$ cat model_26.txt   # compact mmCIF, C-alpha atoms and all ligand atoms
# COMPACT_ATOMS: atom_id res chain seq x y z
CA MET A 99 1.98 -9.03 12.56
CA PRO A 100 4.67 -11.58 13.57
CA GLY A 101 7.59 -12.15 11.21
CA TYR A 102 10.94 -13.90 10.91
CA LEU A 103 13.71 -13.89 8.37
CA ASP A 104 17.14 -15.46 8.18
CA ASN A 105 19.28 -15.56 5.07
CA GLY A 106 22.35 -16.85 6.84
CA SER A 107 23.96 -13.46 7.38
CA PHE A 108 21.03 -11.28 8.37
CA GLY A 109 18.27 -12.38 10.72
CA ALA A 110 15.29 -10.62 12.25
CA LEU A 111 12.51 -11.82 14.50
CA GLY A 112 9.79 -9.41 15.46
CA CYS A 113 6.15 -8.63 15.92
CA LYS A 114 4.37 -5.43 14.87
CA LEU A 115 1.29 -4.20 16.67
CA VAL A 116 -0.63 -1.86 14.41
CA THR A 117 -3.88 0.07 14.69
CA VAL A 118 -5.94 1.87 12.07
CA ALA A 119 -8.03 4.86 13.21
CA PRO A 120 -9.21 6.72 10.09
CA ASN A 121 -10.66 9.61 12.12
CA ASN A 122 -7.26 10.67 13.48
CA ALA A 123 -6.73 13.08 10.58
CA ASN A 124 -9.80 15.05 11.68
CA LEU A 125 -8.66 15.63 15.27
CA GLU A 126 -7.88 19.18 16.35
CA GLN A 127 -4.27 18.01 16.67
CA PRO A 128 -4.18 15.47 13.80
CA LEU A 129 -2.44 12.15 14.41
CA PRO A 130 -1.34 9.48 11.93
CA THR A 131 -4.17 7.15 10.93
CA ILE A 132 -1.92 4.10 11.17
CA ASN A 133 0.14 3.75 14.34
CA ALA A 134 2.50 0.90 15.04
CA HIS A 135 5.14 -0.47 17.38
CA ILE A 136 7.56 -3.27 16.61
CA MET A 137 8.98 -5.63 19.22
CA LEU A 138 12.35 -6.85 17.97
CA PHE A 139 13.73 -10.08 19.43
CA ASP A 140 17.15 -11.67 19.19
CA ASP A 141 16.63 -14.08 16.30
CA ALA A 142 18.82 -16.75 17.93
CA THR A 143 17.74 -16.56 21.59
CA GLY A 144 14.28 -15.03 21.33
CA VAL A 145 15.20 -12.43 23.95
CA LEU A 146 13.50 -9.03 23.52
CA LYS A 147 16.03 -6.48 22.24
CA ALA A 148 13.94 -3.38 21.61
CA VAL A 149 10.50 -1.90 21.19
CA ILE A 150 10.72 0.45 18.20
CA SER A 151 8.17 2.93 16.90
CA GLY A 152 6.78 1.33 13.76
CA THR A 153 4.71 4.20 12.37
CA GLU A 154 7.37 5.65 10.09
CA ILE A 155 8.81 2.20 9.41
CA THR A 156 5.39 1.15 8.10
CA GLN A 157 5.27 4.18 5.81
CA TRP A 158 8.78 3.74 4.41
CA ARG A 159 8.78 -0.02 3.98
CA THR A 160 5.45 0.16 2.13
CA ALA A 161 6.78 2.78 -0.28
CA ALA A 162 10.00 0.77 -0.64
CA ALA A 163 7.99 -2.35 -1.55
CA SER A 164 6.10 -0.36 -4.22
CA ALA A 165 9.37 1.03 -5.60
CA VAL A 166 10.92 -2.43 -5.83
CA ALA A 167 7.76 -3.80 -7.49
CA THR A 168 7.76 -0.95 -10.01
CA LYS A 169 11.43 -1.48 -10.82
CA HIS A 170 11.05 -5.23 -11.39
CA LEU A 171 7.75 -5.09 -13.28
CA LYS A 172 8.89 -2.29 -15.61
CA PRO A 173 12.65 -2.86 -15.91
CA SER A 174 13.08 -1.19 -19.29
CA ARG A 175 10.66 1.71 -19.18
CA LYS A 176 11.55 5.36 -18.90
CA PHE A 177 9.16 7.14 -16.54
CA GLU A 178 8.03 10.75 -16.75
CA ILE A 179 4.80 11.11 -14.80
CA LEU A 180 3.82 9.64 -11.44
CA ALA A 181 0.23 9.99 -10.19
CA ILE A 182 -0.47 9.54 -6.50
CA LEU A 183 -4.05 9.28 -5.31
CA GLY A 184 -4.20 10.11 -1.60
CA ALA A 185 -2.21 12.82 0.16
CA GLY A 186 -2.00 11.10 3.55
CA ALA A 187 1.01 9.44 5.15
CA GLN A 188 1.47 6.85 2.40
CA GLY A 189 0.91 9.34 -0.40
CA ARG A 190 3.53 11.66 1.09
CA ILE A 191 6.22 9.01 1.59
CA HIS A 192 5.58 7.47 -1.85
CA ALA A 193 6.10 10.95 -3.37
CA ILE A 194 9.36 11.40 -1.48
CA ALA A 195 10.62 7.88 -2.25
CA PHE A 196 9.69 7.88 -5.96
CA GLN A 197 10.36 11.51 -6.93
CA HIS A 198 13.84 11.13 -8.43
CA PHE A 199 12.63 8.73 -11.13
CA PHE A 200 10.00 11.17 -12.47
CA LYS A 201 9.88 14.62 -14.03
CA GLN A 202 6.42 15.33 -12.67
CA VAL A 203 4.67 14.01 -9.57
CA ARG A 204 0.90 14.57 -9.53
CA ILE A 205 -1.07 14.32 -6.31
CA TRP A 206 -4.84 14.04 -6.00
CA ASN A 207 -6.83 14.01 -2.79
CA ARG A 208 -10.61 13.97 -2.42
CA ASN A 209 -10.13 17.01 -0.21
CA ARG A 210 -7.97 19.12 -2.54
CA PRO A 211 -6.47 21.52 0.06
CA ARG A 212 -4.70 18.53 1.62
CA ALA A 213 -3.09 17.72 -1.75
CA GLU A 214 -2.17 21.39 -2.17
CA ARG A 215 -0.49 21.51 1.25
CA LEU A 216 1.55 18.41 0.45
CA VAL A 217 2.53 19.72 -2.98
CA SER A 218 3.64 23.01 -1.47
CA GLU A 219 5.79 21.18 1.12
CA LEU A 220 7.36 18.95 -1.55
CA ASN A 221 8.01 21.78 -4.04
CA GLN A 222 9.86 23.71 -1.34
CA SER A 223 12.24 20.83 -0.70
CA SER A 224 12.93 19.96 -4.35
CA ASP A 225 14.81 21.86 -7.03
CA SER A 226 14.33 19.51 -9.98
CA GLN A 227 10.98 17.72 -9.74
CA GLU A 228 7.64 19.34 -10.32
CA PHE A 229 4.88 18.43 -7.84
CA LYS A 230 1.37 19.33 -8.94
CA SER A 231 -1.98 19.01 -7.18
CA PHE A 232 -5.09 17.80 -8.97
CA GLY A 233 -8.78 18.27 -8.16
CA CYS A 234 -9.89 15.49 -10.52
CA ASN A 235 -8.66 11.90 -10.16
CA ARG A 236 -9.18 11.14 -13.85
CA GLU A 237 -7.03 14.09 -14.96
CA CYS A 238 -4.40 13.09 -12.43
CA VAL A 239 -4.20 9.50 -13.74
CA GLU A 240 -4.48 10.09 -17.51
CA GLY A 241 -1.04 10.03 -19.13
CA ALA A 242 0.74 8.81 -16.00
CA ASP A 243 3.38 6.08 -16.33
CA VAL A 244 3.02 4.92 -12.74
CA ILE A 245 0.04 5.29 -10.42
CA VAL A 246 -0.04 4.84 -6.63
CA THR A 247 -3.37 4.53 -4.84
CA ALA A 248 -3.15 5.21 -1.10
CA THR A 249 -6.60 6.05 0.22
CA PHE A 250 -9.39 4.38 2.15
CA ALA A 251 -11.76 4.62 -0.84
CA LYS A 252 -14.36 1.89 -1.02
CA GLU A 253 -15.28 2.63 -4.63
CA ALA A 254 -12.99 2.56 -7.64
CA ILE A 255 -11.05 5.79 -7.99
CA VAL A 256 -9.10 4.54 -11.04
CA GLN A 257 -10.73 3.21 -14.23
CA LEU A 258 -9.08 1.00 -16.86
CA GLU A 259 -9.77 3.41 -19.75
CA TRP A 260 -7.83 6.17 -17.98
CA LEU A 261 -4.62 4.12 -18.00
CA LYS A 262 -2.13 4.46 -20.81
CA GLU A 263 -0.57 1.43 -22.50
CA GLY A 264 2.05 -0.15 -20.28
CA ALA A 265 1.08 1.81 -17.17
CA HIS A 266 1.94 0.35 -13.79
CA VAL A 267 -0.29 0.66 -10.70
CA ASN A 268 0.75 0.17 -7.08
CA GLY A 269 -2.43 -0.43 -5.08
CA GLU A 270 -1.87 0.02 -1.34
CA SER A 271 -5.37 -0.56 -0.06
CA ARG A 272 -6.73 -4.08 0.04
CA ALA A 273 -9.23 -5.11 -2.59
CA ILE A 274 -11.52 -6.63 -0.02
CA LYS A 275 -14.75 -8.52 -0.18
CA VAL A 276 -17.24 -7.77 2.57
CA GLN A 277 -20.87 -8.45 3.13
CA ASP A 278 -23.21 -5.48 2.92
CA GLY A 279 -24.10 -4.09 6.30
CA VAL A 280 -20.79 -4.82 7.99
CA ARG A 281 -20.08 -2.03 10.45
CA VAL A 282 -16.45 -1.07 10.19
CA ILE A 283 -15.17 -1.29 13.74
CA CYS A 284 -11.82 -2.97 13.31
CA ALA A 285 -8.83 -3.33 11.03
CA GLU A 286 -9.58 -4.58 7.53
CA LYS A 287 -7.51 -7.67 8.12
CA PHE A 288 -9.79 -8.87 10.94
CA LYS A 289 -12.96 -7.73 9.24
CA THR A 290 -12.17 -9.75 6.14
CA ALA A 291 -11.12 -12.73 8.19
CA PHE A 292 -14.36 -12.65 10.19
CA THR A 293 -16.81 -12.03 7.40
CA SER A 294 -15.22 -14.45 4.96
CA ARG A 295 -15.82 -17.16 7.56
CA GLY A 296 -19.47 -16.14 7.88
CA TYR A 297 -19.24 -14.88 11.48
CA ASN A 298 -22.11 -12.78 12.62
CA SER A 299 -22.33 -10.95 15.93
CA GLU A 300 -23.64 -7.71 17.38
CA SER A 301 -20.39 -6.05 16.45
CA PHE A 302 -20.66 -7.44 12.94
CA PRO A 303 -24.23 -6.91 11.80
CA VAL A 304 -24.08 -8.70 8.47
CA GLY A 305 -26.65 -7.98 5.80
CA ALA A 306 -27.31 -9.77 2.55
CA GLY A 307 -25.19 -9.84 -0.55
CA LEU A 308 -21.51 -9.48 -1.29
CA THR A 309 -19.78 -6.26 -2.20
CA HIS A 310 -16.37 -5.83 -3.69
CA HIS A 311 -14.50 -2.84 -2.28
CA SER A 312 -11.43 -1.58 -4.05
CA GLU A 313 -9.63 1.56 -5.20
CA LEU A 314 -9.09 0.02 -8.64
CA SER A 315 -11.94 -0.94 -10.96
CA GLU A 316 -12.58 -4.64 -11.46
CA SER A 317 -11.58 -4.37 -15.12
CA ILE A 318 -8.08 -3.20 -14.15
CA TYR A 319 -7.58 -6.40 -12.16
CA LEU A 320 -9.13 -8.50 -14.92
CA ARG A 321 -7.18 -6.95 -17.83
CA GLY A 322 -3.92 -6.18 -16.04
CA GLU A 323 -1.11 -8.47 -14.96
CA VAL A 324 -1.57 -8.67 -11.19
CA TYR A 325 1.34 -9.36 -8.85
CA VAL A 326 1.31 -9.55 -5.07
CA ASP A 327 3.84 -9.45 -2.25
CA HIS A 328 2.65 -12.69 -0.68
CA ARG A 329 0.57 -15.26 -2.54
CA THR A 330 -0.72 -17.18 0.49
CA GLY A 331 -1.88 -13.94 2.12
CA ALA A 332 -3.43 -12.77 -1.14
CA GLU A 333 -5.42 -16.00 -1.57
CA VAL A 334 -7.20 -15.20 1.72
CA GLU A 335 -7.21 -11.42 1.91
CA LEU A 336 -8.02 -10.90 -1.77
CA ALA A 337 -10.59 -13.68 -1.97
CA GLY A 338 -12.98 -11.22 -3.62
CA LEU A 339 -10.59 -10.79 -6.54
CA LYS A 340 -10.11 -14.53 -6.92
CA GLU A 341 -13.88 -14.94 -7.11
CA LEU A 342 -13.98 -12.35 -9.89
CA GLY A 343 -11.62 -14.55 -11.87
CA VAL A 344 -8.50 -12.46 -11.30
CA GLU A 345 -5.29 -14.43 -11.66
CA PHE A 346 -2.32 -13.56 -9.47
CA LYS A 347 0.67 -13.92 -11.79
CA GLY A 348 3.12 -14.26 -8.95
CA GLU A 349 5.03 -12.65 -6.12
CA ILE A 350 7.41 -9.73 -6.59
CA GLY A 351 10.03 -11.80 -4.76
CA SER A 352 9.95 -14.37 -7.58
CA LEU A 353 10.75 -11.62 -10.09
CA ILE A 354 13.62 -10.39 -7.94
CA ALA A 355 14.96 -13.93 -7.60
CA GLY A 356 14.73 -14.43 -11.37
CA ASP A 357 12.21 -17.28 -11.07
CA LEU A 358 9.72 -15.22 -13.10
CA SER A 359 10.26 -12.86 -16.04
CA PRO A 360 8.57 -9.47 -16.16
CA PRO A 361 5.53 -9.21 -18.45
CA PRO A 362 5.87 -7.45 -21.86
CA SER A 363 6.42 -3.73 -21.29
CA ASN A 364 3.21 -2.70 -23.09
CA ARG A 365 1.02 -4.59 -20.60
CA ILE A 366 -0.74 -2.84 -17.73
CA THR A 367 0.69 -4.18 -14.49
CA VAL A 368 -0.66 -4.04 -10.95
CA PHE A 369 1.22 -4.56 -7.72
CA GLN A 370 -1.48 -5.25 -5.13
CA SER A 371 0.32 -4.62 -1.88
CA LEU A 372 -0.83 -6.27 1.33
CA GLY A 373 2.11 -5.45 3.58
CA MET A 374 4.34 -8.14 5.04
CA ALA A 375 5.53 -8.46 8.63
CA VAL A 376 8.93 -9.58 7.35
CA GLU A 377 9.41 -6.10 5.82
CA ASP A 378 8.86 -4.56 9.25
CA CYS A 379 11.23 -7.02 10.93
CA ALA A 380 14.01 -6.36 8.42
CA MET A 381 13.66 -2.60 8.86
CA ALA A 382 13.46 -2.85 12.65
CA ARG A 383 16.70 -4.82 12.64
CA LEU A 384 18.38 -2.21 10.39
CA VAL A 385 17.20 0.60 12.67
CA TYR A 386 18.37 -1.29 15.75
CA ASP A 387 21.83 -1.97 14.24
CA LEU A 388 22.22 1.70 13.27
CA TYR A 389 21.19 2.76 16.77
CA LYS A 390 23.76 0.42 18.34
CA THR A 391 26.60 1.70 16.14
CA ALA A 392 25.68 5.41 16.32
N1 LIG B 401 -0.04 -2.34 1.70
C1 LIG B 401 0.52 -1.95 2.82
O1 LIG B 401 1.52 -2.49 3.25
C2 LIG B 401 -0.06 -0.80 3.55
C3 LIG B 401 -1.21 -0.22 3.09
N2 LIG B 401 -1.72 0.86 3.72
C4 LIG B 401 -2.96 1.42 3.16
O2 LIG B 401 -2.66 2.67 2.55
C5 LIG B 401 -3.82 3.49 2.57
C6 LIG B 401 -3.47 4.88 3.07
O3 LIG B 401 -2.94 4.82 4.40
P1 LIG B 401 -2.35 6.14 5.09
O4 LIG B 401 -1.71 6.99 4.07
O5 LIG B 401 -1.55 5.72 6.26
O6 LIG B 401 -3.70 6.84 5.60
P2 LIG B 401 -3.96 8.40 5.78
O7 LIG B 401 -5.17 8.52 6.62
O8 LIG B 401 -2.74 9.09 6.21
O9 LIG B 401 -4.30 8.90 4.31
C7 LIG B 401 -5.46 8.44 3.65
C8 LIG B 401 -5.83 9.39 2.54
O10 LIG B 401 -6.97 8.86 1.87
C9 LIG B 401 -7.98 9.83 1.76
N3 LIG B 401 -9.26 9.15 1.86
C10 LIG B 401 -9.83 8.60 2.97
N4 LIG B 401 -11.00 8.04 2.66
C11 LIG B 401 -11.17 8.21 1.33
C12 LIG B 401 -12.21 7.87 0.43
N5 LIG B 401 -13.31 7.20 0.85
N6 LIG B 401 -12.07 8.21 -0.87
C13 LIG B 401 -10.97 8.87 -1.30
N7 LIG B 401 -9.96 9.25 -0.48
C14 LIG B 401 -10.07 8.93 0.83
C15 LIG B 401 -7.75 10.83 2.88
O11 LIG B 401 -8.21 12.11 2.51
C16 LIG B 401 -6.22 10.79 3.02
O12 LIG B 401 -5.59 11.73 2.22
C17 LIG B 401 -4.85 2.75 3.43
O13 LIG B 401 -5.74 2.05 2.60
C18 LIG B 401 -4.00 1.75 4.20
O14 LIG B 401 -4.72 0.62 4.60
C19 LIG B 401 -1.12 1.43 4.79
C20 LIG B 401 0.02 0.87 5.31
C21 LIG B 401 0.63 -0.30 4.74
O1 LIG B 402 0.98 -3.89 6.39
C1 LIG B 402 0.64 -3.12 7.29
O2 LIG B 402 1.38 -2.81 8.22
C2 LIG B 402 -0.70 -2.54 7.23
N1 LIG B 402 -1.44 -2.81 6.22
C3 LIG B 402 -2.76 -2.34 6.03
C4 LIG B 402 -3.17 -1.28 6.97
C5 LIG B 402 -2.57 -1.44 8.31
C6 LIG B 402 -1.12 -1.64 8.28

$ encode --input "model_26.txt" --output "structure tokens" --more "lines below"
Ligand SMILES: NC(=O)C1=CN([C@@H]2O[C@H](COP(=O)(O)OP(=O)(O)OC[C@H]3O[C@@H](n4cnc5c(N)ncnc54)[C@H](O)[C@@H]3O)[C@@H](O)[C@H]2O)C=CC1
Ligand SMILES: O=C(O)C1=NCCCC1
Amino acid sequence: MPGYLDNGSFGALGCKLVTVAPNNANLEQPLPTINAHIMLFDDATGVLKAVISGTEITQWRTAAASAVATKHLKPSRKFEILAILGAGAQGRIHAIAFQHFFKQVRIWNRNRPRAERLVSELNQSSDSQEFKSFGCNRECVEGADVIVTATFAKEAIVQLEWLKEGAHVNGESRAIKVQDGVRVICAEKFKTAFTSRGYNSESFPVGAGLTHHSELSESIYLRGEVYVDHRTGAEVELAGLKELGVEFKGEIGSLIAGDLSPPPSNRITVFQSLGMAVEDCAMARLVYDLYKTA
């Protein structure tokens, strides 16, 4: 993921190499599923300045993007309940990053003991928020003001009728379109890019028919106000949603810049996060600057 930013006073040029190995959680000594390294270059000369571990940066910048999206899509709402589906790396960091804006943080995982372990860790480090584990995704979501989905689920784990009026959803996993029969052997980004171009090889045995894979039900995308981090990326990576007739209302950056107004507060909103290299570059530069001044 190569990225570059320059606002006149702060520049960053970098490239993140990232792998996704969903089985890592099942190893005897579990490892993160998503591992990354960021090469940071001098943005004026192009000279390599540092190679920085990008695993935690990926977790924090993704949660930060969701927090910023939530703030700008729901500027006037008072939140009480946050529901997080998925107790992995993203679920954990979202809980830590969001906790102070909520009275209760609910966490569901398909394997409940994992949610219970996370809840126990979080309750020990907090004196004001209540963290609660759930065995049922519907119960976890019903009544929540904000929902975060951070799993690898290929079927909907959130339904429209479970959402309360004005709820906001941060969807971390891509709502991808694949052809039935695709063997998952590589990162979603490449898989989508290959199959959407009709490529077919031994590594990609492609069957008939199109399937829409997403953590959120189609009706949430169709009835909600859907915002993305990057429209050009979304047009390609979320082609399945476009084909369903889903309209992307805009980028979160346009809301921050004041080029767009937030939707009425009683509307259901969705931030469909893709992840942007520029987020990694900005954070790598901040980490590098802190390291140099420490
Ligand atoms: N938008 C963005 O910028 C980013 C998005 N992500 C996405 O966030 C999601 C979570 O990533 P991590 O927390 O790093 O992974 P992780 O492996 O640490 O956690 C994944 C969680 O999902 C659960 N899970 C796995 N398969 C499932 C299924 N079929 N149904 C229900 N639950 C299932 C696991 O039990 C686990 O708790 C992934 O979809 C990943 O692609 C990750 C990084 C950046
Ligand atoms: O934005 C990222 O970084 C990632 N997004 C999806 C999963 C891999 C990492």

$ residues_near_ligand --input "model_26.txt" --ligand "ligand LIG 402 (chain B)" --cutoff "8 Å" --atoms "all atoms listed in the file" --output "JSON, numbers by chain"
{"A": [99, 114, 116, 117, 118, 132, 134, 156, 160, 270, 271, 272, 285, 286, 287, 372, 373, 374, 375, 378]}

$ closest_residue --input "model_26.txt" --among "A:Glu377, A:Glu316, A:Glu219, A:Glu345" --to "ligand LIG 401 (chain B)" --atoms "only C-alpha atoms and all ligand atoms"
A:Glu377

$ atom_distance --input "model_26.txt" --atom1 "atom CA of A:Leu183" --atom2 "atom CA of A:Pro128"
20.1 Å

$ closest_residue --input "model_26.txt" --among "A:Tyr386, A:Phe250, A:Trp206, A:Trp260" --to "A:Asn235" --atoms "all atoms listed in the file"
A:Trp206

$ residues_around --input "model_26.txt" --residues "A:Leu342" --least-positions-apart "3" --cutoff "9 Å" --atoms "only C-alpha atoms" --output "count of residues only"
5

$ residues_around --input "model_26.txt" --residues "A:Glu259" --least-positions-apart "6" --cutoff "10 Å" --atoms "all atoms listed in the file" --output "PyMOL selection string"
chain A and resi 236+240+317-318

$ closest_residue --input "model_26.txt" --among "A:Ala265, A:Tyr325, A:Leu115, A:Ser352" --to "A:Lys172" --atoms "all atoms listed in the file"
A:Ala265

$ closest_residue --input "model_26.txt" --among "A:Thr367, A:Asn124, A:Asn105, A:Ser224" --to "ligand LIG 401 (chain B)" --atoms "all atoms listed in the file"
A:Asn124

$ residues_around --input "model_26.txt" --residues "A:Arg365" --least-positions-apart "3" --cutoff "9 Å" --atoms "all atoms listed in the file" --output "list in words"
Glu263, Gly264, Ala265, His266, Arg321, Gly322, Glu323, Pro361 and Pro362 of chain A

$ write_last_selection --input "model_26.txt" --atoms "C-alpha atoms" --output "tab-separated table (two decimals), keeping the file's coordinate frame"
chain	number	residue	atom	x	y	z
A	263	GLU	CA	-0.57	1.43	-22.50
A	264	GLY	CA	2.05	-0.15	-20.28
A	265	ALA	CA	1.08	1.81	-17.17
A	266	HIS	CA	1.94	0.35	-13.79
A	321	ARG	CA	-7.18	-6.95	-17.83
A	322	GLY	CA	-3.92	-6.18	-16.04
A	323	GLU	CA	-1.11	-8.47	-14.96
A	361	PRO	CA	5.53	-9.21	-18.45
A	362	PRO	CA	5.87	-7.45	-21.86

$ atom_distance --input "model_26.txt" --atom1 "atom N7 of ligand LIG 401 (chain B)" --atom2 "atom CA of A:Phe232"
13.0 Å

$ residues_around --input "model_26.txt" --residues "A:Val246" --least-positions-apart "2" --cutoff "9 Å" --atoms "all atoms listed in the file" --output "list in words"
Ser164, Leu180, Ala181, Ile182, Leu183, Gly184, Gly189, His192, Val244, Ala248, His266, Val267, Asn268, Gly269 and Glu270 of chain A

$ axis_aligned_box --input "model_26.txt" --around "ligand LIG 401 (chain B)" --padding-each-side "6 Å" --output "lines of an AutoDock Vina configuration file"
center_x = -5.9
center_y = 4.8
center_z = 2.7
size_x = 26.8
size_y = 26.6
size_z = 19.9

$ decode --input "model_26.txt" --residues "stretch 115-140 of chain A" --atoms "C-alpha atoms" --output "CSV table (one decimal), in the first residue's frame"
chain,number,residue,atom,x,y,z
A,115,LEU,CA,3.5,-4.3,3.1
A,116,VAL,CA,0.7,-6.2,4.8
A,117,THR,CA,-0.3,-9.9,5.0
A,118,VAL,CA,-3.5,-11.5,6.1
A,119,ALA,CA,-3.3,-15.0,7.6
A,120,PRO,CA,-6.6,-15.8,9.3
A,121,ASN,CA,-5.3,-19.1,10.8
A,122,ASN,CA,-2.7,-17.3,13.0
A,123,ALA,CA,-5.1,-17.0,15.9
A,124,ASN,CA,-5.3,-20.8,16.0
A,125,LEU,CA,-1.6,-21.4,16.4
A,126,GLU,CA,-0.3,-22.9,19.6
A,127,GLN,CA,1.4,-19.5,20.1
A,128,PRO,CA,-1.2,-17.2,18.5
A,129,LEU,CA,0.0,-14.4,16.2
A,130,PRO,CA,-1.8,-11.4,14.9
A,131,THR,CA,-3.8,-12.2,11.7
A,132,ILE,CA,-2.8,-9.0,10.0
A,133,ASN,CA,1.0,-8.3,10.0
A,134,ALA,CA,2.5,-5.2,8.5
A,135,HIS,CA,5.7,-3.2,8.0
A,136,ILE,CA,5.9,0.4,6.8
A,137,MET,CA,8.9,1.8,4.8
A,138,LEU,CA,9.0,5.5,5.5
A,139,PHE,CA,10.9,7.7,3.0
A,140,ASP,CA,12.0,11.3,3.2
